[in-house]
>>> print(open('run-v7.cif').read())   # mmCIF, C-alpha atoms and all ligand atoms
data_query
#
loop_
_atom_site.label_atom_id
_atom_site.label_comp_id
_atom_site.auth_asym_id
_atom_site.auth_seq_id
_atom_site.Cartn_x
_atom_site.Cartn_y
_atom_site.Cartn_z
CA MET A 1 37.30 -30.16 -0.24
CA LYS A 2 33.61 -29.91 0.72
CA ILE A 3 34.47 -29.05 4.32
CA LYS A 4 36.82 -26.37 3.04
CA TRP A 5 34.02 -24.83 0.98
CA ALA A 6 31.59 -24.95 3.89
CA PHE A 7 34.22 -23.25 6.05
CA ARG A 8 34.87 -20.50 3.48
CA VAL A 9 31.18 -19.72 3.12
CA VAL A 10 30.73 -19.47 6.90
CA ILE A 11 33.70 -17.06 7.07
CA ALA A 12 32.21 -15.00 4.21
CA TYR A 13 28.91 -14.79 6.10
CA LEU A 14 30.63 -13.60 9.27
CA LEU A 15 32.60 -10.97 7.35
CA PHE A 16 29.38 -9.76 5.73
CA GLY A 17 27.82 -9.52 9.19
CA ILE A 18 30.71 -7.39 10.47
CA LEU A 19 30.53 -5.08 7.44
CA MET A 20 26.78 -4.61 7.88
CA TYR A 21 27.29 -3.94 11.58
CA LEU A 22 29.86 -1.24 10.80
CA TYR A 23 27.62 0.29 8.16
CA LEU A 24 24.47 0.38 10.29
CA PHE A 25 26.02 1.29 13.64
CA HIS A 26 28.92 3.52 12.68
CA MET A 27 28.82 4.77 9.11
CA ALA A 28 25.23 5.44 8.05
CA ASN A 29 23.84 8.89 8.73
CA THR A 30 20.25 8.78 9.94
CA SER A 31 19.95 12.31 11.29
CA ILE A 32 17.41 14.48 9.53
CA PRO A 33 18.52 17.26 7.12
CA THR A 34 19.26 20.61 8.83
CA ASN A 35 16.47 22.43 7.00
CA LEU A 36 13.92 20.05 8.55
CA LYS A 37 15.11 20.50 12.14
CA GLY A 38 12.26 21.67 14.34
CA THR A 39 9.53 20.72 11.82
CA SER A 40 6.83 18.10 12.35
CA ALA A 41 9.08 15.57 10.56
CA ASP A 42 11.83 16.02 13.16
CA PRO A 43 11.44 13.25 15.79
CA ALA A 44 12.96 15.60 18.38
CA THR A 45 9.71 17.60 18.24
CA PHE A 46 7.41 14.69 19.07
CA LEU A 47 9.52 12.08 20.92
CA ASN A 48 11.01 12.62 24.35
CA SER A 49 14.75 12.04 24.80
CA ARG A 50 14.28 8.52 26.07
CA GLU A 51 12.03 7.56 23.15
CA LEU A 52 14.52 9.13 20.74
CA PHE A 53 17.37 7.13 22.22
CA LEU A 54 15.39 3.88 22.22
CA SER A 55 14.13 4.31 18.68
CA GLU A 56 17.66 4.91 17.33
CA ASP A 57 18.96 1.89 19.19
CA TYR A 58 16.15 -0.44 18.31
CA SER A 59 16.09 0.56 14.63
CA LYS A 60 19.79 -0.25 14.31
CA ILE A 61 19.34 -3.66 15.92
CA ARG A 62 16.31 -4.47 13.81
CA ASN A 63 18.04 -3.41 10.60
CA LEU A 64 21.06 -5.53 11.44
CA LEU A 65 18.85 -8.55 12.17
CA PHE A 66 17.11 -8.02 8.83
CA PHE A 67 20.38 -8.02 6.89
CA LEU A 68 21.72 -11.01 8.83
CA SER A 69 18.68 -13.23 8.53
CA THR A 70 18.27 -13.51 4.75
CA PRO A 71 21.86 -14.63 4.00
CA TYR A 72 21.62 -16.84 7.09
CA GLU A 73 18.88 -18.73 5.28
CA TRP A 74 21.14 -19.07 2.21
CA LEU A 75 23.90 -20.35 4.49
CA PHE A 76 21.55 -23.04 5.77
CA TYR A 77 20.58 -24.19 2.26
CA PHE A 78 24.22 -24.25 1.18
CA LEU A 79 25.48 -26.19 4.21
CA ILE A 80 22.72 -28.78 4.11
CA LEU A 81 23.58 -29.44 0.45
CA ILE A 82 27.35 -29.50 0.62
CA LEU A 83 27.53 -31.52 3.83
CA GLY A 84 25.26 -34.18 2.28
CA ILE A 85 22.49 -33.72 4.85
CA SER A 86 19.83 -33.19 2.19
CA THR A 87 20.93 -36.46 0.54
CA VAL A 88 20.59 -38.26 3.87
CA PHE A 89 17.03 -36.96 4.28
CA GLU A 90 16.22 -38.20 0.79
CA LYS A 91 17.65 -41.65 1.64
CA TRP A 92 15.54 -41.83 4.80
CA SER A 93 12.43 -40.98 2.82
CA ARG A 94 13.19 -43.69 0.25
CA HIS A 95 13.81 -46.33 2.89
CA THR A 96 10.45 -45.67 4.54
CA SER A 97 8.16 -45.99 1.54
CA ARG A 98 7.98 -46.34 -2.24
CA ASN A 99 5.00 -44.02 -2.37
CA ARG A 100 6.00 -40.58 -3.71
CA ILE A 101 3.53 -38.72 -1.51
CA ILE A 102 4.92 -40.31 1.64
CA GLN A 103 8.51 -39.82 0.47
CA THR A 104 7.87 -36.11 -0.05
CA LEU A 105 6.14 -35.80 3.33
CA ILE A 106 9.08 -37.45 5.08
CA TYR A 107 11.81 -35.53 3.28
CA LEU A 108 9.98 -32.24 3.95
CA PHE A 109 9.48 -33.05 7.59
CA TRP A 110 13.21 -33.52 8.23
CA PHE A 111 14.09 -30.57 6.03
CA SER A 112 11.60 -28.25 7.78
CA LEU A 113 12.71 -29.42 11.19
CA ALA A 114 16.39 -28.82 10.39
CA SER A 115 15.52 -25.39 8.99
CA PHE A 116 13.44 -24.55 12.06
CA ILE A 117 16.27 -25.48 14.44
CA PHE A 118 18.93 -23.67 12.42
CA THR A 119 16.96 -20.42 12.15
CA PHE A 120 15.51 -20.58 15.67
CA PRO A 121 18.34 -18.60 17.37
CA LEU A 122 17.85 -15.58 15.08
CA SER A 123 14.05 -15.67 15.44
CA TYR A 124 14.39 -15.92 19.18
CA ILE A 125 16.87 -13.01 19.33
CA SER A 126 14.44 -10.86 17.29
CA TYR A 127 11.62 -11.77 19.62
CA ARG A 128 13.71 -11.03 22.73
CA PHE A 129 14.79 -7.60 21.47
CA SER A 130 11.20 -6.82 20.64
CA CYS A 131 10.30 -7.63 24.27
CA ILE A 132 13.24 -5.70 25.73
CA TYR A 133 12.15 -2.56 23.86
CA HIS A 134 8.52 -3.10 24.90
CA ILE A 135 7.21 -3.55 21.38
CA SER A 136 6.20 -7.17 21.81
CA THR A 137 4.01 -8.00 24.81
CA GLN A 138 3.80 -11.66 23.90
CA THR A 139 4.70 -14.33 26.44
CA PHE A 140 7.26 -16.92 25.39
CA HIS A 141 4.50 -19.51 25.40
CA SER A 142 2.29 -17.51 23.03
CA TRP A 143 5.24 -16.66 20.77
CA MET A 144 6.28 -20.30 20.60
CA LYS A 145 2.71 -21.28 19.75
CA ASP A 146 2.81 -18.90 16.75
CA GLU A 147 6.17 -20.38 15.70
CA ILE A 148 4.69 -23.87 15.76
CA ILE A 149 1.58 -22.82 13.82
CA ASP A 150 3.98 -21.24 11.30
CA PHE A 151 5.89 -24.50 11.06
CA TRP A 152 2.79 -26.52 10.16
CA VAL A 153 1.24 -23.93 7.84
CA ASN A 154 4.55 -23.77 5.94
CA TYR A 155 4.86 -27.55 5.99
CA VAL A 156 1.45 -28.11 4.40
CA THR A 157 1.84 -25.31 1.82
CA MET A 158 5.34 -26.47 0.97
CA PHE A 159 4.16 -30.08 0.58
CA VAL A 160 1.59 -29.09 -2.06
CA ILE A 161 4.10 -26.92 -3.94
CA VAL A 162 7.07 -29.31 -3.73
CA PHE A 163 5.11 -32.43 -4.62
CA VAL A 164 3.70 -30.84 -7.77
CA LEU A 165 6.99 -29.10 -8.64
CA TYR A 166 9.11 -32.26 -8.56
CA ALA A 167 6.46 -34.26 -10.44
CA LEU A 168 6.66 -31.60 -13.17
CA MET A 169 10.47 -31.67 -13.16
CA LYS A 170 10.38 -35.43 -13.78
CA LYS A 171 7.75 -35.22 -16.49
CA PHE A 172 8.85 -32.10 -18.39
CA LYS A 173 12.64 -32.06 -18.39
CA LYS A 174 12.92 -28.73 -20.21
CA LYS A 175 9.65 -26.85 -19.74
CA TRP A 176 8.81 -27.72 -16.11
CA TRP A 177 9.18 -24.10 -15.06
CA LEU A 178 6.52 -22.97 -17.53
CA MET A 179 4.09 -25.66 -16.34
CA ALA A 180 4.85 -24.74 -12.72
CA TRP A 181 4.13 -21.11 -13.49
CA LEU A 182 0.78 -21.91 -15.16
CA LEU A 183 -0.27 -23.91 -12.09
CA SER A 184 1.00 -21.21 -9.73
CA ILE A 185 -1.58 -18.72 -11.06
CA PRO A 186 -4.75 -20.44 -9.74
CA PHE A 187 -2.79 -21.42 -6.61
CA THR A 188 -1.81 -17.80 -5.88
CA ILE A 189 -5.38 -16.59 -6.43
CA PHE A 190 -6.74 -19.38 -4.22
CA MET A 191 -4.26 -18.66 -1.40
CA THR A 192 -4.98 -14.90 -1.48
CA PHE A 193 -8.69 -15.70 -1.34
CA ILE A 194 -8.49 -18.02 1.69
CA GLN A 195 -5.80 -16.05 3.59
CA PRO A 196 -8.15 -13.87 5.70
CA VAL A 197 -10.63 -16.64 6.51
CA VAL A 198 -8.46 -19.76 6.81
CA ILE A 199 -4.84 -18.79 7.55
CA ASP A 200 -5.03 -15.53 9.56
CA PRO A 201 -7.59 -16.82 12.13
CA LEU A 202 -5.08 -19.57 13.08
CA TYR A 203 -2.96 -16.85 14.68
CA ASN A 204 -5.39 -14.16 15.88
CA HIS A 205 -9.01 -13.46 16.68
CA PHE A 206 -11.01 -11.31 14.18
CA TYR A 207 -14.40 -9.68 14.86
CA PRO A 208 -16.54 -6.61 13.92
CA LEU A 209 -15.47 -3.32 15.58
CA LYS A 210 -16.24 -3.21 19.31
CA ASP A 211 -16.54 0.56 19.71
CA LYS A 212 -19.93 1.13 18.08
CA ALA A 213 -19.74 4.95 18.08
CA LEU A 214 -16.40 4.79 16.29
CA GLU A 215 -17.70 2.07 13.99
CA ALA A 216 -20.52 4.39 12.88
CA LYS A 217 -17.97 7.09 11.94
CA ILE A 218 -15.77 4.58 10.10
CA LEU A 219 -18.69 3.11 8.19
CA ALA A 220 -19.86 6.59 7.21
CA LEU A 221 -16.39 7.19 5.76
CA ALA A 222 -16.44 3.73 4.11
CA ASP A 223 -19.79 4.61 2.58
CA LYS A 224 -18.27 7.79 1.11
CA ALA A 225 -15.63 5.56 -0.53
CA HIS A 226 -18.26 2.98 -1.64
CA ILE A 227 -16.88 0.17 0.54
CA PRO A 228 -19.43 -2.36 1.91
CA ALA A 229 -19.86 -2.08 5.69
CA ASN A 230 -19.39 -5.77 6.41
CA HIS A 231 -15.81 -5.60 5.12
CA VAL A 232 -14.28 -3.84 8.14
CA TYR A 233 -12.79 -5.93 10.97
CA GLU A 234 -10.93 -5.54 14.23
CA VAL A 235 -8.20 -7.98 15.29
CA ASN A 236 -7.06 -8.66 18.84
CA MET A 237 -3.34 -7.81 18.71
CA SER A 238 -2.95 -6.11 22.10
CA ALA A 239 -2.13 -9.49 23.66
CA LYS A 240 0.94 -9.64 21.42
CA THR A 241 2.24 -6.17 20.66
CA ASN A 242 2.24 -2.45 21.42
CA ALA A 243 2.75 -1.55 17.76
CA LEU A 244 -0.06 -0.02 15.68
CA ASN A 245 -1.24 -1.22 12.30
CA ALA A 246 -4.07 -1.61 9.82
CA TYR A 247 -4.15 -3.40 6.48
CA VAL A 248 -6.21 -4.54 3.51
CA THR A 249 -6.33 -8.26 2.69
CA GLY A 250 -8.15 -10.90 0.63
CA ILE A 251 -9.93 -10.71 -2.70
CA GLY A 252 -13.53 -10.90 -3.90
CA SER A 253 -16.06 -11.64 -1.17
CA ASN A 254 -13.18 -12.15 1.30
CA SER A 255 -11.63 -8.71 0.77
CA ARG A 256 -11.54 -6.69 3.98
CA ILE A 257 -9.95 -3.87 5.91
CA VAL A 258 -8.50 -4.95 9.25
CA LEU A 259 -7.64 -2.61 12.14
CA TRP A 260 -5.43 -3.78 14.99
CA ASP A 261 -7.17 -3.14 18.32
CA THR A 262 -3.95 -1.40 19.47
CA THR A 263 -4.59 1.26 16.81
CA LEU A 264 -8.17 1.67 17.99
CA ASN A 265 -7.14 1.86 21.67
CA LYS A 266 -4.24 4.26 21.40
CA LEU A 267 -5.16 6.81 18.71
CA SER A 268 -7.76 9.55 18.67
CA ASP A 269 -10.84 9.06 16.48
CA ARG A 270 -9.58 11.58 13.92
CA GLU A 271 -6.25 9.76 13.60
CA ILE A 272 -8.03 6.42 13.24
CA LEU A 273 -10.24 7.87 10.51
CA PHE A 274 -7.15 9.10 8.66
CA ILE A 275 -5.51 5.66 8.85
CA MET A 276 -8.79 4.09 7.81
CA ALA A 277 -8.97 6.44 4.83
CA HIS A 278 -5.43 5.37 3.87
CA GLU A 279 -6.50 1.71 3.91
CA MET A 280 -9.59 2.63 1.90
CA GLY A 281 -7.21 4.08 -0.67
CA HIS A 282 -5.60 0.65 -1.05
CA TYR A 283 -9.01 -0.97 -1.19
CA VAL A 284 -10.56 1.41 -3.74
CA GLU A 285 -7.47 1.44 -5.98
CA LYS A 286 -7.38 -2.38 -5.84
CA HIS A 287 -3.73 -2.59 -4.82
CA ILE A 288 -4.13 -6.24 -3.79
CA TYR A 289 -4.99 -7.13 -7.38
CA PHE A 290 -2.03 -5.18 -8.77
CA GLY A 291 0.17 -6.85 -6.19
CA MET A 292 -1.06 -10.26 -7.28
CA ALA A 293 -0.52 -9.47 -10.96
CA GLY A 294 3.00 -8.24 -10.23
CA TYR A 295 3.69 -11.36 -8.23
CA ILE A 296 2.52 -13.60 -11.07
CA ILE A 297 4.76 -11.81 -13.60
CA LEU A 298 7.79 -11.96 -11.30
CA THR A 299 7.12 -15.67 -10.67
CA LEU A 300 7.34 -16.32 -14.43
CA ILE A 301 10.70 -14.55 -14.71
CA GLY A 302 11.90 -16.13 -11.46
CA LEU A 303 11.01 -19.71 -12.38
CA CYS A 304 12.63 -19.35 -15.81
CA LEU A 305 15.85 -18.06 -14.22
CA ILE A 306 15.79 -20.75 -11.53
CA SER A 307 15.50 -23.53 -14.13
CA LYS A 308 18.52 -22.16 -16.01
CA ILE A 309 20.65 -21.56 -12.91
CA MET A 310 19.76 -24.93 -11.36
CA ALA A 311 20.64 -26.83 -14.54
CA TYR A 312 23.96 -25.00 -14.73
CA MET A 313 24.80 -25.57 -11.05
CA VAL A 314 24.04 -29.29 -11.19
CA LYS A 315 26.11 -29.69 -14.36
CA LYS A 316 29.06 -27.70 -13.10
CA TYR A 317 29.05 -28.30 -9.31
CA GLY A 318 26.81 -31.39 -9.01
CA ARG A 319 29.53 -33.48 -7.32
CA THR A 320 30.38 -30.83 -4.74
CA LEU A 321 26.70 -30.24 -3.96
CA ASN A 322 25.90 -33.98 -3.93
CA LEU A 323 23.37 -33.64 -6.78
CA THR A 324 23.10 -35.72 -9.95
CA SER A 325 19.84 -34.30 -11.32
CA ILE A 326 17.55 -31.41 -10.49
CA SER A 327 14.47 -33.64 -10.32
CA GLN A 328 15.72 -35.44 -7.19
CA ILE A 329 14.06 -33.97 -4.12
CA SER A 330 17.40 -33.46 -2.34
CA SER A 331 17.94 -30.53 -4.76
CA LEU A 332 15.18 -28.61 -2.92
CA PRO A 333 17.66 -26.52 -0.87
CA LEU A 334 19.27 -25.38 -4.13
CA PHE A 335 15.86 -24.42 -5.53
CA LEU A 336 15.01 -22.49 -2.35
CA MET A 337 18.42 -20.83 -2.15
CA ILE A 338 18.23 -19.51 -5.71
CA SER A 339 14.59 -18.36 -5.21
CA SER A 340 15.48 -16.57 -2.00
CA MET A 341 18.45 -14.84 -3.66
CA LEU A 342 16.30 -13.75 -6.61
CA ILE A 343 13.56 -12.45 -4.29
CA PHE A 344 16.17 -10.47 -2.37
CA ALA A 345 17.66 -9.13 -5.63
CA ALA A 346 14.18 -8.07 -6.77
CA SER A 347 13.26 -6.48 -3.43
CA PRO A 348 14.47 -2.96 -4.37
CA LEU A 349 12.00 -3.11 -7.26
CA THR A 350 9.09 -4.66 -5.35
CA ASN A 351 9.63 -2.27 -2.42
CA TRP A 352 9.68 0.64 -4.82
CA GLY A 353 6.32 -0.51 -6.28
CA SER A 354 4.89 -0.86 -2.81
CA ARG A 355 6.14 2.59 -1.76
CA TYR A 356 4.42 4.01 -4.82
CA GLU A 357 1.10 2.44 -3.76
CA GLU A 358 1.57 3.67 -0.19
CA THR A 359 2.13 7.21 -1.43
CA ARG A 360 -1.08 6.96 -3.44
CA ALA A 361 -2.99 5.66 -0.41
CA ASP A 362 -1.68 8.60 1.66
CA ARG A 363 -2.85 10.98 -1.05
CA TYR A 364 -6.25 9.30 -1.15
CA ALA A 365 -6.53 9.65 2.63
CA ILE A 366 -5.79 13.37 2.70
CA HIS A 367 -8.22 14.04 -0.15
CA LEU A 368 -10.94 12.05 1.58
CA THR A 369 -10.51 13.47 5.09
CA HIS A 370 -8.86 16.89 4.49
CA ASP A 371 -7.48 16.34 7.97
CA LYS A 372 -3.79 17.17 7.67
CA LYS A 373 -3.30 17.61 11.40
CA ALA A 374 -4.70 14.18 12.27
CA GLY A 375 -2.61 12.57 9.50
CA ILE A 376 0.64 14.05 10.77
CA LYS A 377 -0.19 13.17 14.35
CA ALA A 378 -1.02 9.60 13.31
CA PHE A 379 2.36 9.23 11.57
CA GLN A 380 4.13 10.59 14.62
CA ASP A 381 2.27 8.19 16.90
CA LEU A 382 3.03 5.27 14.56
CA THR A 383 6.73 6.18 14.78
CA ARG A 384 6.61 6.27 18.58
CA SER A 385 4.64 3.06 19.03
CA GLY A 386 6.98 1.05 16.78
CA LEU A 387 10.15 2.91 17.88
CA SER A 388 10.84 3.28 14.17
CA GLU A 389 13.28 5.66 12.58
CA VAL A 390 12.11 8.64 10.58
CA ASN A 391 15.05 8.72 8.16
CA PRO A 392 16.64 5.25 7.68
CA PRO A 393 20.05 4.55 6.05
CA LEU A 394 19.93 4.27 2.25
CA LEU A 395 20.50 0.48 2.05
CA VAL A 396 17.76 -0.06 4.63
CA LYS A 397 15.34 2.02 2.62
CA ILE A 398 16.17 0.23 -0.65
CA PHE A 399 15.97 -3.34 0.68
CA ARG A 400 13.60 -3.09 3.61
CA TYR A 401 11.13 -0.23 3.21
CA ASP A 402 7.87 -1.14 1.53
CA HIS A 403 6.45 2.14 2.91
CA PRO A 404 7.91 5.60 2.30
CA THR A 405 9.94 6.81 5.27
CA MET A 406 7.99 8.69 7.95
CA MET A 407 9.97 11.81 7.07
CA GLU A 408 8.70 11.63 3.47
CA ARG A 409 5.14 10.87 4.53
CA ILE A 410 4.94 13.73 7.02
CA LEU A 411 6.56 16.20 4.59
CA ARG A 412 4.11 15.28 1.87
CA LEU A 413 1.20 15.94 4.20
CA GLU A 414 2.75 19.24 5.28
CA LYS A 415 2.78 20.35 1.64
CA TYR A 416 -0.92 19.61 1.24
CA LYS A 417 -3.00 22.81 1.21
CA ASN A 418 -6.23 22.51 3.14
CA LYS A 419 -9.08 23.65 0.95
ZN ZN B 501 -0.74 1.35 3.30
#
>>> encode(input="run-v7.cif", output="structure tokens", more="lines below")
Ligand SMILES: [Zn+2]
Amino acid sequence: MKIKWAFRVVIAYLLFGILMYLYLFHMANTSIPTNLKGTSADPATFLNSRELFLSEDYSKIRNLLFFLSTPYEWLFYFLILILGISTVFEKWSRHTSRNRIIQTLIYLFWFSLASFIFTFPLSYISYRFSCIYHISTQTFHSWMKDEIIDFWVNYVTMFVIVFVLYALMKKFKKKWWLMAWLLSIPFTIFMTFIQPVVIDPLYNHFYPLKDKALEAKILALADKAHIPANHVYEVNMSAKTNALNAYVTGIGSNSRIVLWDTTLNKLSDREILFIMAHEMGHYVEKHIYFGMAGYIILTLIGLCLISKIMAYMVKKYGRTLNLTSISQISSLPLFLMISSMLIFAASPLTNWGSRYEETRADRYAIHLTHDKKAGIKAFQDLTRSGLSEVNPPLLVKIFRYDHPTMMERILRLEKYKNK
């Protein structure tokens, strides 16, 4: 019976994969509207034929990998539950020690390891494609090192969360989700605060801008936007990628604007200043804080739903899933599966919110710099360097795009009247 279910779910996953392949490779129309042909938003005007071909190809592959990887994670959680593997991990942890901390550490180690091995093929395929299309410049060794750092960062974070979560589930049978939410607030704030100084430096090297002439221009612009000078950093990404990027991170005294060195090396000063002004828009409008508030609200709704769905699943399908109560740690895959599904279901909304902020940051940038030409050129160069598509298929935009499409961003700049 259980094997039959496992088999059915695997078949369903494969069918979904085929459908998504057909949609992304054969059905979706990603050409730009006829009235925009020949404008600055038309990639044919700024990419050569080879770049055009590569960007179409690579975007399709990347979109397919995106739609395959999230349900792949659900498949893992489901299989590990129904095949009794999670129960085995729990037994091993109980045999080793009576101490709850050690039990949690052991269960999580086996769980994380199984998850790492199961998802490794997809991560590796993504990495390989990124190398084939000359986006990633990372050696296998360096990539693997990042994967291993990821493993341990996730392991430690997950230990703190899971240990507290299951203690709450045991203590508060009905209201554990509310308690978990209350504790998640200081935890979220703390993690956002330490991210740029504790977590990010594990992966990359951060330092003040190297190009001092450019730094002077950037700081003059920052001054215009009332941003303290010591909050602008450069990060060494050229050892890993050809893509361009910049972002705002952290809160309070740790808040900062970070520019990838690839952006600084490959774009003209005017383009860099436009991108910088965009990031200043995020900084000045405090988008990190809005993001955090939104996250805290969604966590409340999410945890409440998870508690209801988990209780129902254990009651109705407990035997099939090898679960007798939600407070046993072997129910963790069920918790993670439901959370991941809810996050995916909410992604059209969260992406929409993010696209709204991005549009505002673009508007801020054009009002600060009045440099329409540099803005458009920067967007075109970003498209080329990431081999991204200007006009993605609808489902890709809804579920994957936390930025407006390049077509929308360029058009909006085109409409801006230089004063
Ligand atoms: Zn942005």
>>> residues_near_ligand(input="run-v7.cif", ligand="ligand ZN 501 (chain B)", cutoff="8 Å", atoms="only C-alpha atoms and all ligand atoms", output="ChimeraX atom specification")
/A:246-247,278-279,282,357-358,361-362,403
>>> residues_near_point(input="run-v7.cif", point="(16.0, -3.0, 14.5)", cutoff="12 Å", atoms="all atoms listed in the file", output="VMD selection string")
chain A and resid 21 24 to 25 54 to 68 125 to 130 132 to 133 135 386 to 389 392 396 400
>>> residues_around(input="run-v7.cif", residues="stretch 147-155 of chain A", least_positions_apart="3", cutoff="10 Å", atoms="all atoms listed in the file", output="PyMOL selection string")
chain A and resi 105+108-109+111-113+115-116+120+123-124+141-144+158-161+199+202-203
>>> closest_residue(input="run-v7.cif", among="A:His26, A:Lys217, A:His95, A:Arg256", to="A:Val235", atoms="only C-alpha atoms")
A:Arg256
>>> closest_residue(input="run-v7.cif", among="A:Leu300, A:Leu165, A:Ile398, A:Ile309", to="A:Ser347", atoms="all atoms listed in the file")
A:Ile398
>>> axis_aligned_box(input="run-v7.cif", around="stretch 32-43 of chain A", padding_each_side="6 Å", output="lines of an AutoDock Vina configuration file")
center_x = 13.0
center_y = 17.8
center_z = 11.4
size_x = 24.4
size_y = 21.2
size_z = 20.8
